[in-house]
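First comes the structure, then the notes that go with it.
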Amino acid sequence: MIRVILPGHLRALARVSAEVQLDVKGPVTQRSVLDALEAQYPMLCGTIRDHVTQERRPFLRFFACEEDYSLEPPDTPLPDAIASGKEPLLIIGAIAGG
Amino acid sequence: MSGVRVLVGTRKGAFVLTSDGKRERWDVSGPHFAGWEMNHVKGSPVDPNRLFASQCSGWFGQIIQRSDDGGKTWTQPGTPPGERTTPEGMPKGESNKFVYDTSAQTGKALTTHQWYDGTQHPWEFKRVWHLEPSPTDPDTVYAGVEDAGLFRSTDGGQNWQELAGLRGHGTGPKWQPGAGGLCLHTIILDPKNPGRIYIAISAAGAFRTDDGGKTWRPINKGLHSQYIPDPNAEIGHCVHHVAMHRSRPNVLFMQKHWDVMRSDNAGDSWQEVSGNLPTDFGFVIDVHAHEPETIYVVPIKSDGEHFPLDGKLRVYRSRTGGNQWEALTKGLPQNDCYVNVLRDAMAVDSLDKCGVYFGTTGGQVYASANAGDSWTPIVRDLPAVLSVEVQTLP
């Protein structure tokens, strides 16, 4: 079971209050996790990655085990701790304000 | 007794304000979609309980929401009939997909417009500025988007197809964004001629189709804009808003960047009707529900100073279709007021007397239940108001 923590606005959109848990078939990568996330919560399609290009939205980043995976290719395997569910994948919005 | 529902889009959520026909006491519901930029909320003329909302975020992009109970509950269109949720209980829906048509048949593979520096720039979808529900079909709704394009959904907002003839009619590569972006912000559906649609784009101008969106042409003859290389150019004018009275769809009123204009021939030509306005810069313009020659604007000092002249918030009304204007000030702040009133932030109801409503960037929504003679704030402290629409309920 993969665990994902979403930014607050996406939790509201998906109507979830805490982290979400996903079944991911095959290798656990950014792409496979996001595919599973969007399949389970279709209202999130287009909010994390572009509908057409599938590129990450510029103000979002992906963190796993305290490392930034945002710039890694989408098919790079995520750490074992993510694949085993020990650690959550964090989807984080850029801080705005001053 | 009939009632009124005011739909308010703000920078940090949407609000629904309701009253009975007296329009004296108001209930305030919201914020809906708290924290999100709500560019526009508008109801279907066919089914007043069906509302469409444009929800947007710089982080998460564009979402379309729909309510079928007058704003009490919302969902993203696309839930299959009889299957409102996923097995986990989550609402289904994917309605936020706006993809430009670049097919050779209809889109003509048009992929660039002019950028601020004069170079060509790819078309990039950013947000929905305006939603215009069909006057005859509750499942049909149009969306004006940035970068400028017109989309239509015929399934209640679930799937969107571009009417690509607009971008492809020939002048598209010359369109250039205004300071607010290259946005299609005005959509007017002719109530007497189903094939005719007017739209306006900042800063390209106004356009019209007479065949339901297949072919388009610019309708900017008579507009004069000192701030572009050719002040009388076919396109490039910064049109801020256009309004029409449904009884006379050939008569249009326009608030341009500077200048208030009117056309009596469906936009084929325009004449300036700024008359005695203290400044003719502004964003909103609207028409009285029962008097087609009575129009309203809110003059703003200048394009460099987006607030009322002399710190006095004044609506100006013309009962002569322009040129002769009177200031409406009763109930509006007449000193130290430095708010703006954005292009989609004025609307009218169809009660007798006609109600007029507008919202400000300071978070006030003002209402007049007597066609503008006097005003009262319904709410004073919302986030900056982006849009105001009104439904007159049976």
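Chain identifiers are assigned as A, B, and so on, following the order in which chains appear in the structure tokens; residues are numbered from 1 within each chain, and ligands are numbered from 1 in order of appearance.
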Determine, counting only C-alpha atoms, which protein, DNA and RNA residues have an atom within 10 Å of an atom of Glu55 of chain A; residues of the same chain fewer than 4 positions away are not included. Present the result as a ChimeraX atom specification. /A:46,48-51,74
Write out as a short mmCIF file (atom, residue, chain, number, x, y, z; two decimals) with C-alpha atoms, in the first residue's frame every residue belonging to chain A that has an atom at most 9 Å from any atom of chain B, counting only C-alpha atoms.
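Final output, saved to result22.cif:
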data_model
loop_
_atom_site.label_atom_id
_atom_site.label_comp_id
_atom_site.auth_asym_id
_atom_site.auth_seq_id
_atom_site.Cartn_x
_atom_site.Cartn_y
_atom_site.Cartn_z
CA HIS A 9 -6.40 22.29 -1.34
CA LEU A 10 -6.12 18.96 -3.14
CA ALA A 12 -10.39 19.37 -0.09
CA LEU A 13 -10.91 18.73 -3.79
CA ALA A 14 -10.61 14.97 -3.33
CA ARG A 15 -12.67 15.17 -0.12
CA VAL A 16 -10.12 13.34 1.99
CA GLN A 40 -8.86 6.60 -7.55
CA TYR A 41 -9.51 10.34 -7.40
CA PRO A 42 -10.37 11.47 -10.95
CA MET A 43 -11.07 15.00 -9.75
CA LEU A 44 -7.31 15.39 -9.31
CA CYS A 45 -6.59 14.86 -13.02
CA GLY A 46 -4.78 17.91 -14.31
CA THR A 47 -4.09 19.36 -10.88
CA ILE A 48 -0.69 17.77 -10.24
CA ARG A 49 0.53 17.23 -13.79
CA ASP A 50 -0.62 18.70 -17.06
CA HIS A 51 -3.44 16.87 -18.84
CA VAL A 52 -1.61 16.65 -22.14
CA ARG A 57 2.92 21.63 -12.46
CA PRO A 58 5.70 24.12 -11.80
CA PHE A 59 4.64 25.08 -8.27
CA LEU A 60 4.44 21.49 -7.02
CA GLY A 93 2.91 23.18 -3.03
CA ALA A 94 5.33 26.09 -3.19
#
Residues at most 7 Å from Ser225 of chain B, counting only C-alpha atoms, excluding those fewer than 5 positions away in the same chain, as a list in words?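 These residues fall inside the cut-off: Pro231, Asn232 and His237 of chain B.
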Please identify which residues in chain A DSSP calls helix (DSSP H, G or I) from the backbone, and express them as an NGL selection string. :A and (8-14 or 30-40 or 42-44 or 80-83)
Can you tell me which residues surround segment 68-70 of chain A at a distance of at most 9 Å, considering only C-alpha atoms, apart from same-chain residues fewer than 6 positions away, and format the answer as a PyMOL selection string? chain A and resi 30+56+60-62+78
Please produce a file of those selected residues containing C-alpha atoms, as a compact mmCIF listing (two decimals), in the first residue's frame.
# COMPACT_ATOMS: atom_id res chain seq x y z
CA GLN A 30 6.22 8.92 -9.74
CA ARG A 56 4.57 18.28 -13.17
CA LEU A 60 4.44 21.49 -7.02
CA ARG A 61 7.24 19.21 -5.89
CA PHE A 62 7.57 15.55 -4.89
CA LEU A 78 10.97 5.62 -5.70
Asp264 of chain B surroundings by only C-alpha atoms, 8 Å radius, close-in-sequence under 3 positions cut, as a list of chain:residue names: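 That gives B:Asn250, B:Val251, B:Leu252, B:Gly267, B:Ser269, B:Trp270.
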Could you please take those selected residues and save N, CA and C atoms as a PDB file, in the first residue's frame?
ATOM      1  N   ASN B 250     -29.080  43.432 -31.612  1.00  0.00           N
ATOM      2  CA  ASN B 250     -28.174  44.123 -32.531  1.00  0.00           C
ATOM      3  C   ASN B 250     -27.533  45.349 -31.905  1.00  0.00           C
ATOM      4  N   VAL B 251     -28.006  45.733 -30.717  1.00  0.00           N
ATOM      5  CA  VAL B 251     -27.452  46.920 -30.054  1.00  0.00           C
ATOM      6  C   VAL B 251     -26.496  46.465 -28.961  1.00  0.00           C
ATOM      7  N   LEU B 252     -25.254  46.895 -29.079  1.00  0.00           N
ATOM      8  CA  LEU B 252     -24.221  46.491 -28.125  1.00  0.00           C
ATOM      9  C   LEU B 252     -23.632  47.724 -27.462  1.00  0.00           C
ATOM     10  N   GLY B 267     -22.325  45.242 -34.091  1.00  0.00           N
ATOM     11  CA  GLY B 267     -20.872  45.370 -34.036  1.00  0.00           C
ATOM     12  C   GLY B 267     -20.216  45.706 -35.356  1.00  0.00           C
ATOM     13  N   SER B 269     -20.168  48.464 -36.805  1.00  0.00           N
ATOM     14  CA  SER B 269     -19.478  49.736 -36.573  1.00  0.00           C
ATOM     15  C   SER B 269     -19.848  50.239 -35.183  1.00  0.00           C
ATOM     16  N   TRP B 270     -18.977  51.066 -34.637  1.00  0.00           N
ATOM     17  CA  TRP B 270     -19.131  51.572 -33.267  1.00  0.00           C
ATOM     18  C   TRP B 270     -19.022  53.090 -33.244  1.00  0.00           C
TER      19      TRP B 270
END
To one decimal place in Å, what is the distance between atom CA of Thr320 of chain B and atom CA of Pro194 of chain B? 28.3 Å
Using DSSP on the backbone coordinates, identify the residues of chain A assigned to strand (DSSP E); present them as number ranges by chain. A: 2-5, 20-22, 60-64, 67-68, 89-93
How would the residues just chosen look if you wrote them out with N, CA and C atoms as a CSV table (one decimal), in the first residue's frame?
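Here's the written file result_8.csv:
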chain,number,residue,atom,x,y,z
A,2,ILE,N,0.7,2.1,-1.0
A,2,ILE,CA,1.5,3.3,-1.1
A,2,ILE,C,0.7,4.4,-0.4
A,3,ARG,N,1.4,5.2,0.4
A,3,ARG,CA,0.8,6.4,1.1
A,3,ARG,C,1.2,7.7,0.4
A,4,VAL,N,0.3,8.5,0.3
A,4,VAL,CA,0.5,9.9,-0.4
A,4,VAL,C,-0.1,10.9,0.5
A,5,ILE,N,0.7,12.0,0.7
A,5,ILE,CA,0.1,13.2,1.5
A,5,ILE,C,0.0,14.3,0.5
A,20,VAL,N,-3.7,9.6,1.7
A,20,VAL,CA,-4.5,8.6,0.9
A,20,VAL,C,-3.6,7.4,0.7
A,21,GLN,N,-4.3,6.3,0.5
A,21,GLN,CA,-3.5,5.0,0.4
A,21,GLN,C,-3.9,4.4,-1.0
A,22,LEU,N,-2.9,4.0,-1.7
A,22,LEU,CA,-3.1,3.5,-3.1
A,22,LEU,C,-2.5,2.1,-3.3
A,60,LEU,N,4.5,22.7,-7.9
A,60,LEU,CA,4.4,21.5,-7.0
A,60,LEU,C,5.7,20.7,-7.0
A,61,ARG,N,6.0,20.0,-5.9
A,61,ARG,CA,7.2,19.2,-5.9
A,61,ARG,C,6.9,17.9,-5.2
A,62,PHE,N,7.8,16.9,-5.5
A,62,PHE,CA,7.6,15.6,-4.9
A,62,PHE,C,8.7,15.2,-4.0
A,63,PHE,N,8.4,14.9,-2.7
A,63,PHE,CA,9.5,14.6,-1.8
A,63,PHE,C,9.3,13.1,-1.2
A,64,ALA,N,10.4,12.4,-1.1
A,64,ALA,CA,10.3,11.0,-0.6
A,64,ALA,C,11.5,10.8,0.3
A,67,GLU,N,14.1,13.5,0.5
A,67,GLU,CA,14.8,13.9,-0.7
A,67,GLU,C,13.8,14.4,-1.7
A,68,ASP,N,14.3,15.4,-2.6
A,68,ASP,CA,13.5,16.0,-3.6
A,68,ASP,C,13.6,15.1,-4.9
A,89,LEU,N,4.8,9.4,0.2
A,89,LEU,CA,5.2,10.4,-0.8
A,89,LEU,C,4.6,11.7,-0.5
A,90,LEU,N,5.3,12.7,-0.4
A,90,LEU,CA,4.8,14.1,-0.1
A,90,LEU,C,4.7,14.9,-1.4
A,91,ILE,N,3.5,15.4,-1.7
A,91,ILE,CA,3.3,16.3,-2.8
A,91,ILE,C,3.1,17.7,-2.2
A,92,ILE,N,4.0,18.6,-2.5
A,92,ILE,CA,4.0,19.8,-1.7
A,92,ILE,C,3.9,21.0,-2.7
A,93,GLY,N,3.1,22.0,-2.3
A,93,GLY,CA,2.9,23.2,-3.0
A,93,GLY,C,3.9,24.2,-2.6
Residue with smallest distance to Tyr142 of chain B - pool B:His241, B:His185, B:Lys72, B:His121, counting only C-alpha atoms: B:His185
Can you tell me which residues surround segment 31-34 of chain A at a distance of at most 7 Å, considering only C-alpha atoms, apart from same-chain residues fewer than 4 positions away, and format the answer as a count of residues only? 4
Nearby residues (only C-alpha atoms) at most 8 Å from Val16 of chain B, same-chain spacing under 4 positions excluded, as JSON, numbers by chain: {"B": [5, 6, 7, 8, 28, 29, 30, 71]}
Could you save the residues just selected, with C-alpha atoms, as a short mmCIF file (atom, residue, chain, number, x, y, z; two decimals), in the first residue's frame?
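Listing of out-v1.cif after writing:
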data_model
loop_
_atom_site.label_atom_id
_atom_site.label_comp_id
_atom_site.auth_asym_id
_atom_site.auth_seq_id
_atom_site.Cartn_x
_atom_site.Cartn_y
_atom_site.Cartn_z
CA ARG B 5 -29.61 34.97 -5.92
CA VAL B 6 -26.31 36.81 -6.35
CA LEU B 7 -23.33 34.67 -7.34
CA VAL B 8 -20.04 36.19 -6.32
CA VAL B 28 -24.70 34.84 2.81
CA SER B 29 -23.43 31.36 1.99
CA GLY B 30 -19.75 30.64 1.61
CA GLY B 71 -25.20 26.26 -4.86
#
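Proximity of B:Asn220, B:Ser350, B:Gln271, B:Ser263 to Met244 of chain B, computed with only C-alpha atoms, is greatest for B:Ser263.
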Using only C-alpha atoms: which of B:Asp155, B:Asp147, B:Asp344, B:Glu24 has the shortest distance to Arg167 of chain B: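 Of all the options, B:Asp147 lies closest to Arg167 of chain B.
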At most 12 Å is the cut-off: for each residue in segment 239-261 of chain B with any atom that close to an atom of segment 274-284 of chain B, write down the nearest atom pair and the distance in Å rounded to one decimal, counting only C-alpha atoms, chain first then increasing number, as JSON lines.
{"residue": "B:Val239", "atom": "CA", "partner": "B:Phe283", "partner_atom": "CA", "distance": 8.7}
{"residue": "B:His240", "atom": "CA", "partner": "B:Phe283", "partner_atom": "CA", "distance": 5.3}
{"residue": "B:His241", "atom": "CA", "partner": "B:Val284", "partner_atom": "CA", "distance": 6.1}
{"residue": "B:Val242", "atom": "CA", "partner": "B:Val284", "partner_atom": "CA", "distance": 8.2}
{"residue": "B:Ala243", "atom": "CA", "partner": "B:Val284", "partner_atom": "CA", "distance": 9.0}
{"residue": "B:Phe253", "atom": "CA", "partner": "B:Val284", "partner_atom": "CA", "distance": 10.5}
{"residue": "B:Met254", "atom": "CA", "partner": "B:Val284", "partner_atom": "CA", "distance": 8.7}
{"residue": "B:Gln255", "atom": "CA", "partner": "B:Phe283", "partner_atom": "CA", "distance": 6.1}
{"residue": "B:Lys256", "atom": "CA", "partner": "B:Phe281", "partner_atom": "CA", "distance": 7.3}
{"residue": "B:His257", "atom": "CA", "partner": "B:Phe281", "partner_atom": "CA", "distance": 5.7}
{"residue": "B:Trp258", "atom": "CA", "partner": "B:Phe281", "partner_atom": "CA", "distance": 4.2}
{"residue": "B:Asp259", "atom": "CA", "partner": "B:Asp280", "partner_atom": "CA", "distance": 5.0}
{"residue": "B:Val260", "atom": "CA", "partner": "B:Ser274", "partner_atom": "CA", "distance": 4.9}
{"residue": "B:Met261", "atom": "CA", "partner": "B:Ser274", "partner_atom": "CA", "distance": 7.0}
Please measure the separation of atom CA of Ile285 of chain B and atom CA of Met346 of chain B, giving the value in Å to one decimal.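 These atoms are spaced 7.2 Å apart.
Of the residues under consideration (B:Ser318, B:Ser202, B:Thr111, B:Thr102), B:Ser202 shows the shortest atom-to-atom contact distance to Cys183 of chain B when counting only C-alpha atoms.
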Between atom CA of Thr294 of chain B and atom CA of Val46 of chain B, what is the distance in Å, rounded to a tenth?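 Computing it gives 25.6 Å between the two atoms.
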Pick from A:Met1, A:Leu37, A:Glu19, A:Arg11 nearest to Ile82 of chain A, counting only C-alpha atoms: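 Checking each candidate against Ile82 of chain A, we get A:Met1 as the closest.
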Just checking: using only C-alpha atoms, which residue out of B:Ile378, B:Ala143, B:Ala203, B:Ile219 ends up closest to Trp160 of chain B?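 With only C-alpha atoms as the atom set, the closest residue is B:Ala143.
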